[in-house]
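Student: Quick one: this structure, given as structure tokens, is what I'll be asking you about.
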Amino acid sequence: NLKLFIEGYYDTSIGAMRSVKNNQDGVSPATDVEDITVELRNSTTPWGIVASTIGVLKTDGTSVCNFNTAPSGSFYIAVRNSNALETWSANPQAVGTTPLSYDFSTAANKAYADNMILVGSVYAFYSGDINQDSVIDGSDATSLDLDIFNSETGVRPTDLNGDGSVDGSDSVPFENNSYNSIFAVFP
């Protein structure tokens, strides 16, 4: 049981994330934001993937993730989505027969190296890593600029605010995070 928010998708006026999937495809449930990849990683070098699953992130920040093959032990939780920085739990978490709950949203120190941003009253994963290379920089700008120029709509990683269209409003989180040299941090 995870709780997390994505910076660009979070709407402070409603205290939740936008219905990104529905905004982009017009048919998904209004409670769905995006599919996220959740990995359990070894707590020691080389931090290999022990188990991986796909979960649906909901507008309230929750996602139920089932690992059918994960052994019991202590593992980092690593989360990826289409345009936010990969973010890891601050410390390894105990996984066993009792369901694990982890809430990234309550404090920056819930992420490894405090690598989240305060949005309204919650902490969120940084938006803007469009090409998923673990850094928000100029290499993400080409596809964002092209999609803005072409007024693209639908399911696009360049739709950083999740409203269903790619326009100038999507450049705000990208520009801020690129300017501040934001990159993924994990062991």
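To be explicit about the labels: the chains of the structure tokens are called A, B, and onward in the order shown, and within each one the residues are counted from 1, while ligands get numbers from 1 in the order they are shown.
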If we count only C-alpha atoms, what is near Asp140 of chain A at a cut-off of 10 Å, once residues fewer than 2 positions away on the same chain are taken out, given as a ChimeraX atom specification?

Tutor: /A:83,128-133,135-138,142-145,158,174,178

Student: From a DSSP calculation on the backbone, collect every residue of segment 60-129 of chain A in helix (DSSP H, G or I) and output the set as a PyMOL selection string.

Tutor: chain A and resi 104-106+108-110+112-114

Student: Just to be explicit: take each residue in the selection above, keep N, CA, C and O atoms, and write the result as an mmCIF file, in the first residue's frame.

Tutor:
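File selection-v2.cif, as written:
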```cif
data_model
loop_
_atom_site.group_PDB
_atom_site.id
_atom_site.type_symbol
_atom_site.label_atom_id
_atom_site.label_comp_id
_atom_site.auth_asym_id
_atom_site.auth_seq_id
_atom_site.Cartn_x
_atom_site.Cartn_y
_atom_site.Cartn_z
ATOM 1 N N PHE A 104 4.991 8.198 1.033
ATOM 2 C CA PHE A 104 6.036 9.137 0.629
ATOM 3 C C PHE A 104 5.628 10.591 0.892
ATOM 4 O O PHE A 104 6.480 11.464 0.979
ATOM 5 N N SER A 105 4.337 10.866 0.969
ATOM 6 C CA SER A 105 3.822 12.240 0.888
ATOM 7 C C SER A 105 3.949 13.079 2.150
ATOM 8 O O SER A 105 3.736 14.284 2.103
ATOM 9 N N THR A 106 4.300 12.482 3.284
ATOM 10 C CA THR A 106 4.253 13.217 4.546
ATOM 11 C C THR A 106 5.499 14.048 4.850
ATOM 12 O O THR A 106 5.430 14.978 5.652
ATOM 13 N N ALA A 108 9.755 15.123 3.184
ATOM 14 C CA ALA A 108 10.811 14.940 2.181
ATOM 15 C C ALA A 108 11.699 13.765 2.553
ATOM 16 O O ALA A 108 12.177 13.036 1.676
ATOM 17 N N ASN A 109 11.913 13.556 3.846
ATOM 18 C CA ASN A 109 12.820 12.494 4.265
ATOM 19 C C ASN A 109 12.236 11.093 4.108
ATOM 20 O O ASN A 109 12.866 10.118 4.491
ATOM 21 N N LYS A 110 11.053 10.968 3.514
ATOM 22 C CA LYS A 110 10.508 9.649 3.182
ATOM 23 C C LYS A 110 11.127 9.119 1.883
ATOM 24 O O LYS A 110 11.039 7.945 1.579
ATOM 25 N N TYR A 112 14.651 8.736 -0.553
ATOM 26 C CA TYR A 112 16.102 8.671 -0.429
ATOM 27 C C TYR A 112 16.691 10.047 -0.739
ATOM 28 O O TYR A 112 16.337 10.673 -1.742
ATOM 29 N N ALA A 113 17.553 10.548 0.136
ATOM 30 C CA ALA A 113 18.214 11.849 0.013
ATOM 31 C C ALA A 113 17.220 13.014 -0.027
ATOM 32 O O ALA A 113 17.524 14.067 -0.585
ATOM 33 N N ASP A 114 16.029 12.831 0.557
ATOM 34 C CA ASP A 114 15.011 13.890 0.613
ATOM 35 C C ASP A 114 14.639 14.409 -0.776
ATOM 36 O O ASP A 114 14.311 15.581 -0.953
#
```

Student: Could you give me, as a ChimeraX atom specification, each residue of segment 28-111 of chain A that DSSP assigns to strand (DSSP E) when run on this structure's backbone?

Tutor: /A:32-42,49-58,62-63,73-80,87-88,93-95,102-103

Student: Could you save those same residues with C-alpha atoms as an mmCIF file, in the first residue's frame?

Tutor:
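Output file part-v4.cif follows:
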```
data_model
loop_
_atom_site.group_PDB
_atom_site.id
_atom_site.type_symbol
_atom_site.label_atom_id
_atom_site.label_comp_id
_atom_site.auth_asym_id
_atom_site.auth_seq_id
_atom_site.Cartn_x
_atom_site.Cartn_y
_atom_site.Cartn_z
ATOM 1 C CA ASP A 32 -7.087 6.889 -12.040
ATOM 2 C CA VAL A 33 -3.950 8.956 -12.499
ATOM 3 C CA GLU A 34 -1.374 6.691 -14.108
ATOM 4 C CA ASP A 35 0.206 3.252 -14.040
ATOM 5 C CA ILE A 36 3.361 3.223 -11.941
ATOM 6 C CA THR A 37 6.159 0.674 -11.812
ATOM 7 C CA VAL A 38 7.068 -0.333 -8.272
ATOM 8 C CA GLU A 39 10.190 -2.359 -7.571
ATOM 9 C CA LEU A 40 11.547 -3.988 -4.462
ATOM 10 C CA ARG A 41 15.339 -3.630 -4.518
ATOM 11 C CA ASN A 42 18.010 -5.308 -2.443
ATOM 12 C CA ILE A 49 15.563 -5.800 -8.441
ATOM 13 C CA VAL A 50 14.009 -8.554 -6.321
ATOM 14 C CA ALA A 51 10.431 -8.092 -7.574
ATOM 15 C CA SER A 52 8.528 -5.651 -9.769
ATOM 16 C CA THR A 53 4.859 -4.870 -10.353
ATOM 17 C CA ILE A 54 2.597 -2.312 -12.003
ATOM 18 C CA GLY A 55 0.089 -0.449 -9.841
ATOM 19 C CA VAL A 56 -2.580 2.111 -10.662
ATOM 20 C CA LEU A 57 -1.974 5.430 -8.940
ATOM 21 C CA LYS A 58 -5.243 7.026 -7.775
ATOM 22 C CA THR A 62 -2.852 5.698 -3.170
ATOM 23 C CA SER A 63 -1.762 2.602 -5.049
ATOM 24 C CA GLY A 73 13.183 -9.374 3.777
ATOM 25 C CA SER A 74 14.203 -5.747 3.881
ATOM 26 C CA PHE A 75 14.073 -3.892 0.569
ATOM 27 C CA TYR A 76 14.119 -0.396 -0.866
ATOM 28 C CA ILE A 77 10.891 0.623 -2.633
ATOM 29 C CA ALA A 78 11.656 2.217 -6.017
ATOM 30 C CA VAL A 79 8.894 3.947 -8.007
ATOM 31 C CA ARG A 80 8.853 5.063 -11.646
ATOM 32 C CA THR A 87 12.228 7.887 -6.436
ATOM 33 C CA TRP A 88 13.293 5.389 -3.749
ATOM 34 C CA GLN A 93 11.390 -1.551 4.353
ATOM 35 C CA ALA A 94 10.444 -4.886 5.918
ATOM 36 C CA VAL A 95 8.411 -7.041 3.552
ATOM 37 C CA TYR A 102 4.537 3.337 2.918
ATOM 38 C CA ASP A 103 3.573 7.003 2.606
#
```

Student: Would you mind reading off the distance between atom CA of Glu7 of chain A and atom CA of Ser43 of chain A, one decimal, in Å?

Tutor: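 These atoms are spaced 27.0 Å apart.
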
Student: Applying 9 Å and only C-alpha atoms, which residues near segment 24-28 of chain A remain after dropping the ones on its own chain fewer than 2 positions away? List them as JSON, numbers by chain.

Tutor: {"A": [19, 20, 21, 22, 30, 31, 32, 153, 154, 155, 156, 159, 162, 163, 164, 165]}

Student: Save the residues we just selected, N, CA and C atoms, as a PDB file, in the first residue's frame?

Tutor:
```pdb
ATOM      1  N   SER A  19      -7.334  13.714 -12.752  1.00  0.00           N
ATOM      2  CA  SER A  19      -7.730  12.426 -13.350  1.00  0.00           C
ATOM      3  C   SER A  19      -6.989  12.271 -14.671  1.00  0.00           C
ATOM      4  N   VAL A  20      -5.693  12.068 -14.598  1.00  0.00           N
ATOM      5  CA  VAL A  20      -4.824  12.106 -15.768  1.00  0.00           C
ATOM      6  C   VAL A  20      -5.258  11.104 -16.835  1.00  0.00           C
ATOM      7  N   LYS A  21      -5.476   9.854 -16.458  1.00  0.00           N
ATOM      8  CA  LYS A  21      -5.851   8.845 -17.462  1.00  0.00           C
ATOM      9  C   LYS A  21      -7.113   9.261 -18.205  1.00  0.00           C
ATOM     10  N   ASN A  22      -8.132   9.705 -17.473  1.00  0.00           N
ATOM     11  CA  ASN A  22      -9.383  10.118 -18.110  1.00  0.00           C
ATOM     12  C   ASN A  22      -9.174  11.370 -18.959  1.00  0.00           C
ATOM     13  N   ALA A  30     -12.371   8.150 -13.486  1.00  0.00           N
ATOM     14  CA  ALA A  30     -11.949   9.485 -13.047  1.00  0.00           C
ATOM     15  C   ALA A  30     -11.047   9.436 -11.817  1.00  0.00           C
ATOM     16  N   THR A  31     -10.942   8.287 -11.176  1.00  0.00           N
ATOM     17  CA  THR A  31     -10.073   8.140  -9.999  1.00  0.00           C
ATOM     18  C   THR A  31      -8.658   7.717 -10.361  1.00  0.00           C
ATOM     19  N   ASP A  32      -8.400   7.400 -11.624  1.00  0.00           N
ATOM     20  CA  ASP A  32      -7.087   6.889 -12.040  1.00  0.00           C
ATOM     21  C   ASP A  32      -6.180   8.006 -12.548  1.00  0.00           C
ATOM     22  N   THR A 153      -2.276  16.092 -27.973  1.00  0.00           N
ATOM     23  CA  THR A 153      -3.230  15.672 -26.957  1.00  0.00           C
ATOM     24  C   THR A 153      -3.123  14.162 -26.786  1.00  0.00           C
ATOM     25  N   GLY A 154      -3.800  13.651 -25.765  1.00  0.00           N
ATOM     26  CA  GLY A 154      -3.804  12.210 -25.536  1.00  0.00           C
ATOM     27  C   GLY A 154      -2.740  11.786 -24.559  1.00  0.00           C
ATOM     28  N   VAL A 155      -2.423  10.508 -24.588  1.00  0.00           N
ATOM     29  CA  VAL A 155      -1.472   9.923 -23.644  1.00  0.00           C
ATOM     30  C   VAL A 155      -0.055  10.287 -24.091  1.00  0.00           C
ATOM     31  N   ARG A 156       0.541  11.212 -23.375  1.00  0.00           N
ATOM     32  CA  ARG A 156       1.878  11.722 -23.710  1.00  0.00           C
ATOM     33  C   ARG A 156       2.678  11.959 -22.439  1.00  0.00           C
ATOM     34  N   ASP A 159       2.829  15.584 -21.219  1.00  0.00           N
ATOM     35  CA  ASP A 159       1.687  16.218 -20.540  1.00  0.00           C
ATOM     36  C   ASP A 159       1.991  16.232 -19.045  1.00  0.00           C
ATOM     37  N   GLY A 162      -0.979  16.751 -16.685  1.00  0.00           N
ATOM     38  CA  GLY A 162      -2.029  15.747 -16.761  1.00  0.00           C
ATOM     39  C   GLY A 162      -3.407  16.248 -17.141  1.00  0.00           C
ATOM     40  N   ASP A 163      -3.458  17.348 -17.897  1.00  0.00           N
ATOM     41  CA  ASP A 163      -4.774  17.873 -18.275  1.00  0.00           C
ATOM     42  C   ASP A 163      -5.256  17.370 -19.637  1.00  0.00           C
ATOM     43  N   GLY A 164      -4.449  16.534 -20.294  1.00  0.00           N
ATOM     44  CA  GLY A 164      -4.863  15.938 -21.564  1.00  0.00           C
ATOM     45  C   GLY A 164      -4.318  16.627 -22.792  1.00  0.00           C
ATOM     46  N   SER A 165      -3.681  17.787 -22.623  1.00  0.00           N
ATOM     47  CA  SER A 165      -3.081  18.474 -23.764  1.00  0.00           C
ATOM     48  C   SER A 165      -1.703  18.991 -23.369  1.00  0.00           C
TER      49      SER A 165
END
```

Student: Can you tell me how far atom CA of Leu118 of chain A sits from atom CA of Trp47 of chain A, in Å to one decimal?

Tutor: 27.5 Å

Student: Which is closest to Phe183 of chain A among A:Pro92, A:Asp11, A:Ala84, A:Pro29, if we use only C-alpha atoms?

Tutor: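 Nearest candidate to Phe183 of chain A out of A:Pro92, A:Asp11, A:Ala84, A:Pro29: A:Ala84.
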
Student: Counting only C-alpha atoms, figure out which residue out of A:Asn66, A:Ser121, A:Ser72, A:Asn1 gets nearest to Gly96 of chain A.

Tutor: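 Distance minimum relative to Gly96 of chain A lands on A:Ser72.
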
Student: Would you mind telling me which residue in A:Glu175, A:Asp147, A:Asp170, A:Glu86 lies nearest to Ser134 of chain A when using only C-alpha atoms?

Tutor: A:Glu86

Student: Using only C-alpha atoms, can you tell me which of A:Ala141, A:Ile117, A:Ile148, A:Leu100 comes closest to Gly8 of chain A?

Tutor: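 Ranked by minimum distance to Gly8 of chain A, first place goes to A:Ile117.
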
Student: Atom CA of Ser82 of chain A and atom CA of Ala184 of chain A, how far apart in Å?

Tutor: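 Straight-line distance from atom CA of Ala184 of chain A to atom CA of Ser82 of chain A works out to 14.1 Å.
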